[in-house]
file input-v3.txt (compact mmCIF, C-alpha atoms)
# COMPACT_ATOMS: atom_id res chain seq x y z
CA MET A 1298 -39.19 -158.11 -133.75
CA GLU A 1299 -37.93 -157.78 -137.35
CA TYR A 1300 -39.43 -160.21 -139.87
CA ASP A 1301 -36.17 -162.12 -140.42
CA GLY A 1302 -35.63 -162.41 -136.68
CA LEU A 1303 -39.23 -163.44 -136.14
CA LYS A 1304 -39.09 -166.23 -138.69
CA ALA A 1305 -35.76 -167.41 -137.32
CA ALA A 1306 -37.37 -167.58 -133.89
CA ILE A 1307 -40.36 -169.51 -135.27
CA ARG A 1308 -38.08 -172.01 -136.99
CA GLU A 1309 -35.97 -172.46 -133.88
CA MET A 1310 -39.14 -173.05 -131.88
CA ALA A 1311 -40.41 -175.58 -134.43
CA GLY A 1312 -37.10 -177.42 -134.20
CA ARG A 1313 -37.43 -177.67 -130.42
CA HIS A 1314 -40.81 -179.32 -130.92
CA GLY A 1315 -39.31 -181.96 -133.21
CA PHE A 1316 -39.91 -180.48 -136.67
CA ASP A 1317 -37.03 -180.54 -139.13
CA LEU A 1318 -38.34 -177.86 -141.49
CA CYS A 1319 -40.55 -174.83 -141.00
CA ARG A 1320 -41.63 -172.24 -143.56
CA VAL A 1321 -44.40 -169.66 -143.95
CA THR A 1322 -46.81 -168.86 -146.76
CA ARG A 1323 -50.12 -167.16 -147.37
CA PRO A 1324 -53.36 -169.20 -147.22
CA GLN A 1325 -53.53 -169.52 -150.98
CA VAL A 1326 -52.79 -172.18 -153.60
CA SER A 1327 -51.80 -171.47 -157.15
CA ALA A 1328 -54.17 -171.88 -160.08
CA MET A 1329 -51.89 -174.66 -161.34
CA HIS A 1330 -52.47 -176.79 -158.24
CA ALA A 1331 -56.19 -175.99 -158.07
CA GLU A 1332 -56.71 -176.93 -161.72
CA ALA A 1333 -54.67 -180.12 -161.29
CA LEU A 1334 -56.89 -181.14 -158.37
CA GLN A 1335 -60.03 -180.50 -160.41
CA ARG A 1336 -58.75 -182.59 -163.34
CA TRP A 1337 -57.79 -185.41 -160.95
CA VAL A 1338 -61.25 -185.55 -159.39
CA ASP A 1339 -63.00 -185.18 -162.75
CA ALA A 1340 -61.11 -188.29 -163.88
CA ASP A 1341 -62.30 -190.20 -160.75
CA MET A 1342 -58.70 -190.89 -159.75
CA GLN A 1343 -59.67 -190.62 -156.08
CA GLY A 1344 -61.20 -194.11 -156.22
CA GLU A 1345 -63.41 -194.83 -153.21
CA MET A 1346 -62.18 -191.71 -151.37
CA ALA A 1347 -65.45 -189.97 -152.18
CA TRP A 1348 -64.77 -187.18 -149.70
CA MET A 1349 -61.98 -185.95 -151.97
CA GLY A 1350 -64.57 -184.91 -154.55
CA GLU A 1351 -67.12 -183.35 -152.20
CA GLU A 1352 -67.88 -179.82 -153.35
CA THR A 1353 -67.31 -178.12 -149.99
CA ARG A 1354 -64.02 -179.90 -149.41
CA MET A 1355 -62.88 -179.17 -152.96
CA GLN A 1356 -63.57 -175.48 -152.42
CA ARG A 1357 -61.63 -175.49 -149.16
CA ARG A 1358 -58.63 -177.19 -150.74
CA MET A 1359 -58.59 -174.64 -153.55
CA ALA A 1360 -59.19 -171.70 -151.19
CA PRO A 1361 -57.40 -172.45 -147.91
CA GLU A 1362 -58.35 -169.01 -146.57
CA SER A 1363 -61.84 -170.49 -146.14
CA MET A 1364 -60.53 -172.92 -143.52
CA MET A 1365 -60.41 -170.24 -140.82
CA ASP A 1366 -61.81 -166.74 -140.32
CA SER A 1367 -59.29 -163.92 -140.76
CA VAL A 1368 -56.39 -166.31 -141.41
CA LYS A 1369 -53.35 -164.46 -142.71
CA SER A 1370 -50.50 -166.98 -142.59
CA VAL A 1371 -49.86 -170.69 -142.86
CA ILE A 1372 -46.88 -172.11 -141.00
CA THR A 1373 -46.02 -175.37 -142.75
CA VAL A 1374 -43.75 -177.84 -140.98
CA ALA A 1375 -42.11 -181.15 -141.84
CA MET A 1376 -41.02 -184.00 -139.59
CA ARG A 1377 -38.61 -186.64 -140.81
CA TYR A 1378 -39.13 -190.32 -140.36
CA THR A 1379 -36.58 -193.08 -140.63
CA PRO A 1380 -36.05 -194.36 -144.19
CA PRO A 1381 -36.20 -198.14 -144.74
CA ALA A 1382 -33.16 -200.03 -143.52
CA TYR A 1383 -33.23 -202.13 -146.70
CA SER A 1384 -32.95 -201.54 -150.42
CA LEU A 1385 -35.74 -202.11 -152.91
CA ASP A 1386 -34.06 -205.28 -154.16
CA GLU A 1387 -33.63 -206.61 -150.62
CA ALA A 1388 -37.30 -205.99 -149.81
CA CYS A 1389 -38.50 -207.78 -152.93
CA ALA A 1390 -36.16 -210.72 -152.29
CA GLU A 1391 -37.70 -211.41 -148.87
CA ALA A 1392 -40.81 -213.01 -150.35
CA ASP A 1393 -41.82 -214.72 -147.11
CA ARG A 1394 -41.81 -211.38 -145.32
CA ALA A 1395 -44.00 -208.29 -145.60
CA VAL A 1396 -43.01 -204.82 -146.71
CA ILE A 1397 -44.56 -201.99 -144.71
CA THR A 1398 -44.11 -198.35 -145.67
CA ALA A 1399 -41.37 -196.69 -143.62
CA TYR A 1400 -43.54 -194.07 -141.92
CA ALA A 1401 -45.53 -196.92 -140.32
CA HIS A 1402 -42.50 -198.60 -138.71
CA GLY A 1403 -43.26 -196.82 -135.46
CA ASP A 1404 -46.00 -194.91 -133.66
CA ASP A 1405 -48.94 -193.39 -135.50
CA TYR A 1406 -47.67 -190.13 -136.97
CA HIS A 1407 -51.08 -188.50 -136.48
CA ASP A 1408 -50.69 -188.82 -132.71
CA VAL A 1409 -47.03 -187.85 -132.65
CA MET A 1410 -47.38 -184.80 -134.90
CA LYS A 1411 -50.65 -183.52 -133.44
CA LYS A 1412 -49.13 -183.42 -129.96
CA ARG A 1413 -46.08 -181.56 -131.25
CA LEU A 1414 -48.20 -179.17 -133.32
CA LYS A 1415 -50.32 -178.22 -130.33
CA GLY A 1416 -47.19 -177.63 -128.27
CA LEU A 1417 -45.73 -175.44 -131.01
CA ALA A 1418 -49.00 -173.50 -131.29
CA ARG A 1419 -48.98 -172.76 -127.56
CA ASP A 1420 -45.43 -171.45 -127.75
CA LEU A 1421 -46.31 -169.34 -130.77
CA ASP A 1422 -48.88 -167.56 -128.63
CA GLU A 1423 -46.00 -166.54 -126.37
CA LEU A 1424 -43.93 -165.36 -129.33
CA LEU A 1425 -46.56 -163.72 -131.55
CA GLY A 1426 -49.10 -162.65 -128.98
CA LEU A 1427 -52.51 -164.27 -128.71
CA HIS A 1428 -53.90 -165.09 -132.16
CA ASP A 1429 -56.49 -167.49 -133.46
CA GLN A 1430 -54.84 -170.67 -134.65
CA ARG A 1431 -55.84 -174.05 -136.05
CA VAL A 1432 -53.57 -177.03 -136.49
CA PHE A 1433 -53.95 -179.53 -139.33
CA ASN A 1434 -52.27 -182.89 -139.62
CA ASP A 1435 -53.67 -184.88 -142.55
CA THR A 1436 -57.15 -184.56 -141.02
CA ALA A 1437 -58.72 -181.73 -143.02
CA PRO A 1438 -59.18 -180.64 -146.67
CA VAL A 1439 -55.81 -178.94 -147.04
CA LEU A 1440 -53.58 -179.16 -150.12
CA GLU A 1441 -50.53 -179.51 -147.94
CA HIS A 1442 -48.03 -180.29 -150.70
CA ALA A 1443 -49.11 -177.17 -152.60
CA LEU A 1444 -48.79 -175.03 -149.46
CA ALA A 1445 -45.39 -176.56 -148.66
CA GLU A 1446 -44.19 -175.69 -152.15
CA ALA A 1447 -45.53 -172.15 -151.88
CA ALA A 1448 -43.76 -171.76 -148.55
CA GLY A 1449 -40.44 -172.91 -149.98
CA LEU A 1450 -40.29 -176.03 -147.84
CA GLY A 1451 -39.83 -178.21 -150.92
CA TRP A 1452 -41.23 -178.87 -154.36
CA GLN A 1453 -43.85 -181.42 -155.34
CA GLY A 1454 -42.09 -184.24 -157.16
CA LYS A 1455 -43.40 -186.26 -160.07
CA HIS A 1456 -44.57 -188.90 -157.58
CA SER A 1457 -46.68 -186.11 -155.94
CA LEU A 1458 -44.67 -186.08 -152.68
CA THR A 1459 -42.73 -183.06 -151.46
CA ILE A 1460 -38.96 -183.13 -151.97
CA HIS A 1461 -36.36 -181.03 -150.14
CA ARG A 1462 -32.92 -180.62 -151.69
CA GLN A 1463 -31.03 -181.70 -148.57
CA MET A 1464 -33.57 -183.95 -146.84
CA GLY A 1465 -35.13 -185.72 -149.80
CA SER A 1466 -38.75 -186.81 -149.27
CA TRP A 1467 -38.67 -188.92 -146.09
CA PHE A 1468 -40.86 -186.55 -144.07
CA LEU A 1469 -44.48 -185.81 -143.21
CA LEU A 1470 -46.22 -182.44 -143.44
CA ALA A 1471 -48.49 -180.50 -141.11
CA GLU A 1472 -49.75 -176.93 -140.87
CA ILE A 1473 -50.68 -174.21 -138.42
CA PHE A 1474 -53.17 -171.67 -139.77
CA THR A 1475 -52.92 -168.40 -137.86
CA THR A 1476 -54.38 -164.89 -137.89
CA ALA A 1477 -50.87 -163.56 -137.23
CA ASP A 1478 -49.43 -161.69 -140.21
CA ILE A 1479 -46.03 -163.25 -140.88
CA GLU A 1480 -43.89 -162.38 -143.88
CA PRO A 1481 -44.09 -165.34 -146.31
CA ASP A 1482 -41.05 -167.23 -147.55
CA GLU A 1483 -40.15 -167.54 -151.22
CA PRO A 1484 -41.72 -170.52 -153.04
CA ALA A 1485 -39.61 -173.55 -153.88
CA GLU A 1486 -38.27 -174.26 -157.35
CA ASN A 1487 -38.78 -177.63 -158.99
CA HIS A 1488 -35.61 -179.70 -159.39
CA CYS A 1489 -36.95 -182.95 -160.85
CA GLY A 1490 -35.71 -182.03 -164.31
CA THR A 1491 -36.02 -184.83 -166.87
CA CYS A 1492 -35.79 -187.62 -164.27
CA THR A 1493 -38.56 -190.25 -164.49
CA ALA A 1494 -37.19 -192.78 -161.97
CA CYS A 1495 -40.33 -192.73 -159.81
CA ILE A 1496 -42.62 -193.14 -162.82
CA ASP A 1497 -40.58 -195.99 -164.24
CA ILE A 1498 -40.35 -198.00 -160.99
CA CYS A 1499 -44.00 -197.87 -159.94
CA PRO A 1500 -45.16 -201.54 -159.83
CA THR A 1501 -48.72 -200.77 -160.95
CA ARG A 1502 -47.94 -197.77 -163.19
CA ALA A 1503 -50.01 -195.60 -160.86
CA ILE A 1504 -48.04 -192.45 -161.75
CA VAL A 1505 -49.95 -192.01 -164.99
CA ALA A 1506 -48.21 -188.73 -165.86
CA PRO A 1507 -45.65 -186.51 -164.14
CA TYR A 1508 -47.22 -185.22 -160.88
CA VAL A 1509 -50.40 -187.30 -161.41
CA VAL A 1510 -51.05 -190.43 -159.32
CA ASP A 1511 -54.14 -192.49 -160.07
CA ALA A 1512 -55.14 -193.69 -156.61
CA ARG A 1513 -57.09 -196.59 -158.09
CA LEU A 1514 -53.77 -198.12 -159.18
CA CYS A 1515 -51.59 -197.02 -156.27
CA ILE A 1516 -50.48 -199.74 -153.84
CA SER A 1517 -50.65 -197.27 -150.94
CA TYR A 1518 -54.30 -196.60 -151.70
CA LEU A 1519 -55.13 -200.24 -152.37
CA THR A 1520 -53.55 -201.53 -149.16
CA ILE A 1521 -54.66 -198.72 -146.84
CA GLU A 1522 -57.68 -196.77 -148.10
CA TYR A 1523 -59.45 -199.33 -150.27
CA SER A 1524 -61.74 -201.62 -148.31
CA GLY A 1525 -62.96 -204.06 -150.95
CA PHE A 1526 -61.70 -206.95 -153.06
CA ILE A 1527 -58.54 -205.76 -154.77
CA PRO A 1528 -58.77 -206.09 -158.58
CA ARG A 1529 -57.25 -209.40 -159.62
CA GLU A 1530 -55.02 -207.86 -162.28
CA LEU A 1531 -53.34 -205.68 -159.63
CA ARG A 1532 -52.75 -208.34 -156.98
CA ILE A 1533 -49.75 -209.97 -158.60
CA LEU A 1534 -48.16 -206.52 -159.07
CA MET A 1535 -48.31 -205.82 -155.33
CA GLY A 1536 -45.61 -208.34 -154.49
CA ASN A 1537 -45.12 -208.50 -150.72
CA ARG A 1538 -46.22 -204.92 -149.97
CA ILE A 1539 -48.97 -205.14 -147.36
CA TYR A 1540 -49.21 -201.56 -146.09
CA GLY A 1541 -48.19 -198.75 -148.39
CA CYS A 1542 -45.34 -198.61 -150.88
CA ASP A 1543 -42.02 -196.72 -150.85
CA ASP A 1544 -40.69 -197.75 -154.26
CA CYS A 1545 -40.91 -194.27 -155.77
CA GLN A 1546 -38.99 -192.79 -152.83
CA LEU A 1547 -36.40 -195.55 -152.73
CA VAL A 1548 -35.31 -194.78 -156.30
CA CYS A 1549 -35.51 -190.99 -156.09
CA PRO A 1550 -32.03 -189.50 -156.65
CA TRP A 1551 -32.72 -186.80 -154.06
CA ASN A 1552 -33.08 -189.49 -151.41
CA SER A 1553 -29.83 -191.17 -152.38
CA HIS A 1554 -27.85 -188.28 -150.90
CA ALA A 1555 -30.37 -186.97 -148.36
CA VAL A 1556 -28.84 -185.56 -145.18
CA ASP A 1557 -28.71 -188.14 -142.40
CA SER A 1558 -29.75 -186.51 -139.15
CA GLY A 1559 -28.46 -189.48 -137.21
CA SER A 1560 -30.12 -190.34 -133.93
CA LYS A 1561 -32.52 -187.40 -134.18
CA ILE A 1562 -34.55 -189.21 -136.83
CA ASN A 1563 -34.89 -192.27 -134.67
CA ASP A 1564 -36.36 -190.25 -131.81
CA LEU A 1565 -39.32 -188.97 -133.80
CA LEU A 1566 -41.57 -191.85 -134.80
CA LYS A 1567 -39.85 -194.49 -132.68
CA PRO A 1568 -39.41 -197.26 -135.29
CA ARG A 1569 -40.15 -200.66 -133.84
CA GLY A 1570 -38.42 -203.77 -135.07
CA GLU A 1571 -41.61 -205.82 -135.46
CA ASN A 1572 -42.70 -203.76 -138.48
CA HIS A 1573 -39.36 -204.25 -140.23
CA LEU A 1574 -40.04 -206.95 -142.85
CA PRO A 1575 -42.36 -208.91 -140.52
CA ASP A 1576 -43.08 -212.59 -141.04
CA LEU A 1577 -46.19 -213.10 -143.20
CA ALA A 1578 -47.28 -216.29 -141.46
CA ARG A 1579 -47.18 -214.66 -138.04
CA LEU A 1580 -49.34 -211.78 -139.28
CA LEU A 1581 -51.90 -214.11 -140.85
CA ARG A 1582 -52.35 -215.85 -137.49
CA LEU A 1583 -53.41 -212.64 -135.70
CA ASP A 1584 -56.94 -212.80 -134.31
CA ASP A 1585 -58.95 -209.66 -133.51
CA GLU A 1586 -57.39 -209.14 -130.09
CA GLY A 1587 -53.91 -209.93 -131.38
CA PHE A 1588 -54.33 -207.36 -134.16
CA ARG A 1589 -55.54 -204.69 -131.72
CA GLN A 1590 -52.67 -205.27 -129.34
CA HIS A 1591 -50.00 -205.52 -132.00
CA PHE A 1592 -51.00 -202.34 -133.83
CA ARG A 1593 -52.67 -200.27 -131.11
CA LYS A 1594 -50.17 -197.39 -131.45
CA SER A 1595 -49.51 -197.90 -135.14
CA PRO A 1596 -51.13 -196.25 -138.18
CA ILE A 1597 -51.62 -199.81 -139.47
CA LYS A 1598 -54.68 -200.14 -137.24
CA ARG A 1599 -56.45 -198.02 -139.87
CA THR A 1600 -56.79 -201.00 -142.21
CA LYS A 1601 -58.47 -203.09 -139.51
CA ARG A 1602 -57.66 -206.78 -139.29
CA SER A 1603 -59.67 -207.69 -142.39
CA GLY A 1604 -57.84 -205.23 -144.62
CA LEU A 1605 -54.37 -206.12 -143.40
CA LEU A 1606 -54.89 -209.88 -143.61
CA ARG A 1607 -56.39 -209.44 -147.08
CA ASN A 1608 -53.07 -207.84 -148.05
CA VAL A 1609 -51.11 -210.58 -146.30
CA CYS A 1610 -52.98 -213.24 -148.30
CA ILE A 1611 -52.03 -211.47 -151.53
CA ALA A 1612 -48.38 -211.30 -150.47
CA MET A 1613 -48.44 -215.01 -149.68
CA GLY A 1614 -49.97 -215.77 -153.07
CA ASN A 1615 -47.18 -213.81 -154.72
CA SER A 1616 -44.44 -215.46 -152.66
CA GLY A 1617 -44.19 -218.77 -154.47
CA HIS A 1618 -43.80 -220.48 -151.06
CA ALA A 1619 -45.97 -223.58 -150.74
CA ALA A 1620 -45.22 -223.56 -147.01
CA PHE A 1621 -47.96 -220.95 -146.66
CA VAL A 1622 -50.65 -223.36 -147.92
CA PRO A 1623 -51.67 -224.74 -144.47
CA ASP A 1624 -52.12 -221.27 -142.97
CA LEU A 1625 -54.11 -220.10 -145.99
CA ILE A 1626 -56.38 -223.15 -145.78
CA THR A 1627 -56.95 -222.34 -142.10
CA VAL A 1628 -58.16 -218.79 -142.83
CA LEU A 1629 -60.63 -220.10 -145.41
CA GLY A 1630 -62.74 -220.47 -142.29
CA ASP A 1631 -62.24 -216.88 -141.13
CA GLN A 1632 -65.33 -214.83 -140.31
CA GLU A 1633 -64.25 -212.05 -142.69
CA PRO A 1634 -65.26 -212.55 -146.36
CA LEU A 1635 -62.40 -210.28 -147.45
CA ILE A 1636 -59.89 -212.68 -145.91
CA ARG A 1637 -61.59 -215.86 -147.16
CA GLY A 1638 -61.77 -214.57 -150.73
CA HIS A 1639 -58.16 -213.44 -150.96
CA ALA A 1640 -56.97 -216.63 -149.26
CA ALA A 1641 -58.75 -218.59 -152.01
CA TRP A 1642 -56.95 -216.52 -154.64
CA ALA A 1643 -53.60 -217.04 -152.92
CA LEU A 1644 -54.13 -220.82 -152.78
CA GLY A 1645 -54.79 -220.78 -156.51
CA GLN A 1646 -51.44 -219.07 -156.99
CA LEU A 1647 -49.59 -221.63 -154.83
CA SER A 1648 -51.17 -224.80 -156.18
CA GLU A 1649 -48.14 -226.90 -157.03
CA ARG A 1650 -49.01 -230.41 -158.20
CA GLU A 1651 -48.25 -232.01 -154.83
CA HIS A 1652 -50.65 -229.65 -153.04
CA SER A 1653 -53.34 -229.21 -155.69
CA ALA A 1654 -55.65 -231.98 -154.50
CA VAL A 1655 -55.58 -230.75 -150.88
CA ILE A 1656 -56.23 -227.18 -151.98
CA VAL A 1657 -59.11 -228.09 -154.28
CA GLU A 1658 -60.71 -230.17 -151.53
CA ALA A 1659 -60.47 -227.24 -149.09
CA LEU A 1660 -61.89 -224.82 -151.64
CA GLU A 1661 -64.77 -227.12 -152.56
CA HIS A 1662 -65.57 -227.57 -148.88
CA LEU A 1663 -65.69 -223.79 -148.46
CA CYS A 1664 -67.85 -223.42 -151.57
CA GLU A 1665 -70.51 -225.70 -150.08
CA ARG A 1666 -71.17 -223.30 -147.21
CA GLU A 1667 -70.08 -219.93 -148.62
CA LYS A 1668 -72.83 -217.30 -148.79
CA GLU A 1669 -70.85 -214.30 -150.07
CA PRO A 1670 -70.99 -213.97 -153.90
CA ASP A 1671 -67.58 -212.27 -154.12
CA VAL A 1672 -65.94 -215.09 -152.20
CA ASN A 1673 -67.64 -217.71 -154.37
CA VAL A 1674 -66.23 -216.04 -157.46
CA GLU A 1675 -62.72 -216.26 -155.99
CA ILE A 1676 -63.23 -219.94 -155.09
CA GLU A 1677 -64.48 -220.86 -158.55
CA LEU A 1678 -61.69 -219.01 -160.33
CA ALA A 1679 -59.04 -220.57 -158.07
CA ILE A 1680 -60.35 -224.10 -158.69
CA GLU A 1681 -60.53 -223.43 -162.41
CA GLN A 1682 -56.93 -222.18 -162.41
CA ILE A 1683 -55.65 -225.20 -160.47
CA ARG A 1684 -57.38 -227.70 -162.74
CA SER A 1685 -56.19 -225.95 -165.88
CA GLU A 1686 -52.59 -226.21 -164.67
CA ALA A 1687 -52.84 -229.84 -163.53
call {"tool": "encode", "arguments": {"input": "input-v3.txt", "output": "structure tokens"}}
result
Amino acid sequence: MEYDGLKAAIREMAGRHGFDLCRVTRPQVSAMHAEALQRWVDADMQGEMAWMGEETRMQRRMAPESMMDSVKSVITVAMRYTPPAYSLDEACAEADRAVITAYAHGDDYHDVMKKRLKGLARDLDELLGLHDQRVFNDTAPVLEHALAEAAGLGWQGKHSLTIHRQMGSWFLLAEIFTTADIEPDEPAENHCGTCTACIDICPTRAIVAPYVVDARLCISYLTIEYSGFIPRELRILMGNRIYGCDDCQLVCPWNSHAVDSGSKINDLLKPRGENHLPDLARLLRLDDEGFRQHFRKSPIKRTKRSGLLRNVCIAMGNSGHAAFVPDLITVLGDQEPLIRGHAAWALGQLSEREHSAVIVEALEHLCEREKEPDVNVEIELAIEQIRSEA
């Protein structure tokens, strides 16, 4: 089969397996991307994601040919997910509700994409003949945005996500490494120009330079990857975002006129209504079993109950709604220090004069029995704040 016909067949096959884009490149990344990765790690911008800086994984990211013996081609694919059904202003205005990143409005994309990737790989054996293959879906040290750019699937935007001229950036990437020798596609050209919309909108100023995101400031990292007490100076900037952040995509001009694939998008990650601006109070009341059941097929299970409810407490503290005070006082007795500590902070933020005495009493009662130093710090600072404002 001629190269053009072969690639057309591969793309048609990828489409049948639910992928919206499919391109091919060599298992190589440019010096520009490799050097950018090294500078990022040298500056400790990976935060607590220590694996990002491990020498072996760094080498594999910079030299993708080391990921598989005799690999000759990388088939990079993209699968769209449904963009938010609300604007940035609408999401921020719903202060008693939580904002969850759009890709997590349905099933866990790892499960959905891995199944589709394996199906595509099996069909490729029929098309290309039997070759060694490995599939990767955000589970291995692969610089997938760099490979996508090299394959012509899209360019890496200033927010670090891949952008396609017709589809914008509402998609997820995955790869098939294969020993089959497939003619590579032409690399993508960058079309961000002088636009800085994503940099300007970032709530925590995490995009510290074009194409450079400091994970330690990024709300997606803080709410998903980071497992500790979120720095106090960043909490108020998080607003009501409890799992990820889409602000940079919501303002990107390429997304404002992205092609709408209609019902096809809705079939992919099966968005469920309960993750569309869910009620904060209902989330805070989830016990361990309730959390497991509610998020058993969702990527949100990654945060575990303690991480998600930590984020919910912060959103409540930022809401300005004193109606959350009773629920926050209740979780001061939670078994998880992470939840108790952030609930104390949130109560300090919501301490209107009519509630201040009740809140202080609850915090002092917790302080008498609290054994965790980090939680005690939060209690003391909250009480100090309330009394200073009285």
call {"tool": "atom_distance", "arguments": {"input": "input-v3.txt", "atom1": "atom CA of Val1368 of chain A", "atom2": "atom CA of Thr1322 of chain A"}}
result
11.3 Å
call {"tool": "atom_distance", "arguments": {"input": "input-v3.txt", "atom1": "atom CA of Gly1426 of chain A", "atom2": "atom CA of His1407 of chain A"}}
result
27.0 Å
call {"tool": "residues_around", "arguments": {"input": "input-v3.txt", "residues": "segment 1347-1355 of chain A", "least_positions_apart": "2", "cutoff": "6 Å", "atoms": "only C-alpha atoms", "output": "PyMOL selection string"}}
result
chain A and resi 1338+1345+1357-1358+1438
call {"tool": "closest_residue", "arguments": {"input": "input-v3.txt", "among": "A:Lys1668, A:Lys1567, A:Arg1323, A:Lys1411", "to": "Val1432 of chain A", "atoms": "all atoms listed in the file"}}
result
A:Lys1411
call {"tool": "atom_distance", "arguments": {"input": "input-v3.txt", "atom1": "atom CA of Ser1648 of chain A", "atom2": "atom CA of Glu1686 of chain A"}}
result
8.7 Å
call {"tool": "closest_residue", "arguments": {"input": "input-v3.txt", "among": "A:Asp1408, A:Asp1435, A:Asp1478, A:Glu1387", "to": "Val1321 of chain A", "atoms": "only C-alpha atoms"}}
result
A:Asp1478
call {"tool": "closest_residue", "arguments": {"input": "input-v3.txt", "among": "A:Ser1553, A:Thr1373, A:Asn1537, A:Ser1517", "to": "Leu1470 of chain A", "atoms": "all atoms listed in the file"}}
result
A:Thr1373
call {"tool": "residues_around", "arguments": {"input": "input-v3.txt", "residues": "Cys1545 of chain A", "least_positions_apart": "5", "cutoff": "9 Å", "atoms": "only C-alpha atoms", "output": "PyMOL selection string"}}
result
chain A and resi 1456+1494-1499
call {"tool": "closest_residue", "arguments": {"input": "input-v3.txt", "among": "A:Pro1500, A:Pro1380, A:Pro1324, A:Gly1541", "to": "Met1364 of chain A", "atoms": "all atoms listed in the file"}}
result
A:Pro1324
call {"tool": "closest_residue", "arguments": {"input": "input-v3.txt", "among": "A:Ala1445, A:Ile1636, A:Ala1382, A:Leu1414", "to": "Arg1431 of chain A", "atoms": "only C-alpha atoms"}}
result
A:Leu1414
call {"tool": "residues_around", "arguments": {"input": "input-v3.txt", "residues": "Glu1661 of chain A", "least_positions_apart": "4", "cutoff": "9 Å", "atoms": "all atoms listed in the file", "output": "MDAnalysis selection string"}}
result
chainID A and resid 1656:1657 1665 1676:1677 1680
call {"tool": "closest_atom_pairs", "arguments": {"input": "input-v3.txt", "of": "segment 1358-1453 of chain A", "to": "segment 1581-1588 of chain A", "cutoff": "12 Å", "atoms": "all atoms listed in the file", "output": "JSON lines"}}
result
{"residue": "A:Asp1393", "atom": "CA", "partner": "A:Leu1581", "partner_atom": "CA", "distance": 11.9}
{"residue": "A:Arg1394", "atom": "CA", "partner": "A:Leu1581", "partner_atom": "CA", "distance": 11.4}
{"residue": "A:Ala1395", "atom": "CA", "partner": "A:Leu1581", "partner_atom": "CA", "distance": 10.9}
call {"tool": "residues_around", "arguments": {"input": "input-v3.txt", "residues": "Val1509 of chain A", "least_positions_apart": "5", "cutoff": "9 Å", "atoms": "all atoms listed in the file", "output": "ChimeraX atom specification"}}
result
/A:1333,1337,1455-1457,1503-1504
call {"tool": "closest_residue", "arguments": {"input": "input-v3.txt", "among": "A:Met1376, A:Ala1399, A:Leu1427, A:Met1410", "to": "Ile1597 of chain A", "atoms": "only C-alpha atoms"}}
result
A:Ala1399
call {"tool": "residues_around", "arguments": {"input": "input-v3.txt", "residues": "Leu1514 of chain A", "least_positions_apart": "2", "cutoff": "12 Å", "atoms": "all atoms listed in the file", "output": "compact mmCIF listing (two decimals) with C-alpha atoms, keeping the file's coordinate frame"}}
result
# COMPACT_ATOMS: atom_id res chain seq x y z
CA ASP A 1341 -62.30 -190.20 -160.75
CA MET A 1342 -58.70 -190.89 -159.75
CA GLN A 1343 -59.67 -190.62 -156.08
CA GLY A 1344 -61.20 -194.11 -156.22
CA GLU A 1345 -63.41 -194.83 -153.21
CA CYS A 1499 -44.00 -197.87 -159.94
CA PRO A 1500 -45.16 -201.54 -159.83
CA THR A 1501 -48.72 -200.77 -160.95
CA ARG A 1502 -47.94 -197.77 -163.19
CA ALA A 1503 -50.01 -195.60 -160.86
CA ILE A 1504 -48.04 -192.45 -161.75
CA VAL A 1505 -49.95 -192.01 -164.99
CA VAL A 1509 -50.40 -187.30 -161.41
CA VAL A 1510 -51.05 -190.43 -159.32
CA ASP A 1511 -54.14 -192.49 -160.07
CA ALA A 1512 -55.14 -193.69 -156.61
CA ILE A 1516 -50.48 -199.74 -153.84
CA SER A 1517 -50.65 -197.27 -150.94
CA TYR A 1518 -54.30 -196.60 -151.70
CA LEU A 1519 -55.13 -200.24 -152.37
CA THR A 1520 -53.55 -201.53 -149.16
CA GLU A 1522 -57.68 -196.77 -148.10
CA TYR A 1523 -59.45 -199.33 -150.27
CA ILE A 1527 -58.54 -205.76 -154.77
CA PRO A 1528 -58.77 -206.09 -158.58
CA ARG A 1529 -57.25 -209.40 -159.62
CA GLU A 1530 -55.02 -207.86 -162.28
CA LEU A 1531 -53.34 -205.68 -159.63
CA ARG A 1532 -52.75 -208.34 -156.98
CA LEU A 1534 -48.16 -206.52 -159.07
CA MET A 1535 -48.31 -205.82 -155.33
CA CYS A 1542 -45.34 -198.61 -150.88
call {"tool": "axis_aligned_box", "arguments": {"input": "input-v3.txt", "around": "segment 1308-1313 of chain A", "padding_each_side": "6 Å", "output": "JSON"}}
result
{"center_x": -38.2, "center_y": -174.8, "center_z": -133.7, "size_x": 16.4, "size_y": 17.7, "size_z": 18.6}
call {"tool": "build_atoms", "arguments": {"input": "input-v3.txt", "residues": "segment 1650-1654 of chain A", "atoms": "N, CA and C atoms", "output": "PDB file, in the coordinates of the input"}}
result
ATOM      1  N   ARG A1650     -48.360-229.116-157.970  1.00  0.00           N
ATOM      2  CA  ARG A1650     -49.010-230.410-158.200  1.00  0.00           C
ATOM      3  C   ARG A1650     -49.184-231.212-156.902  1.00  0.00           C
ATOM      4  N   GLU A1651     -48.178-231.183-156.041  1.00  0.00           N
ATOM      5  CA  GLU A1651     -48.250-232.010-154.830  1.00  0.00           C
ATOM      6  C   GLU A1651     -49.270-231.496-153.827  1.00  0.00           C
ATOM      7  N   HIS A1652     -49.685-230.219-153.968  1.00  0.00           N
ATOM      8  CA  HIS A1652     -50.650-229.650-153.040  1.00  0.00           C
ATOM      9  C   HIS A1652     -52.019-229.432-153.682  1.00  0.00           C
ATOM     10  N   SER A1653     -52.129-229.615-154.982  1.00  0.00           N
ATOM     11  CA  SER A1653     -53.340-229.210-155.690  1.00  0.00           C
ATOM     12  C   SER A1653     -54.591-229.943-155.190  1.00  0.00           C
ATOM     13  N   ALA A1654     -54.475-231.223-154.930  1.00  0.00           N
ATOM     14  CA  ALA A1654     -55.650-231.980-154.500  1.00  0.00           C
ATOM     15  C   ALA A1654     -56.147-231.498-153.132  1.00  0.00           C
TER      16      ALA A1654
END
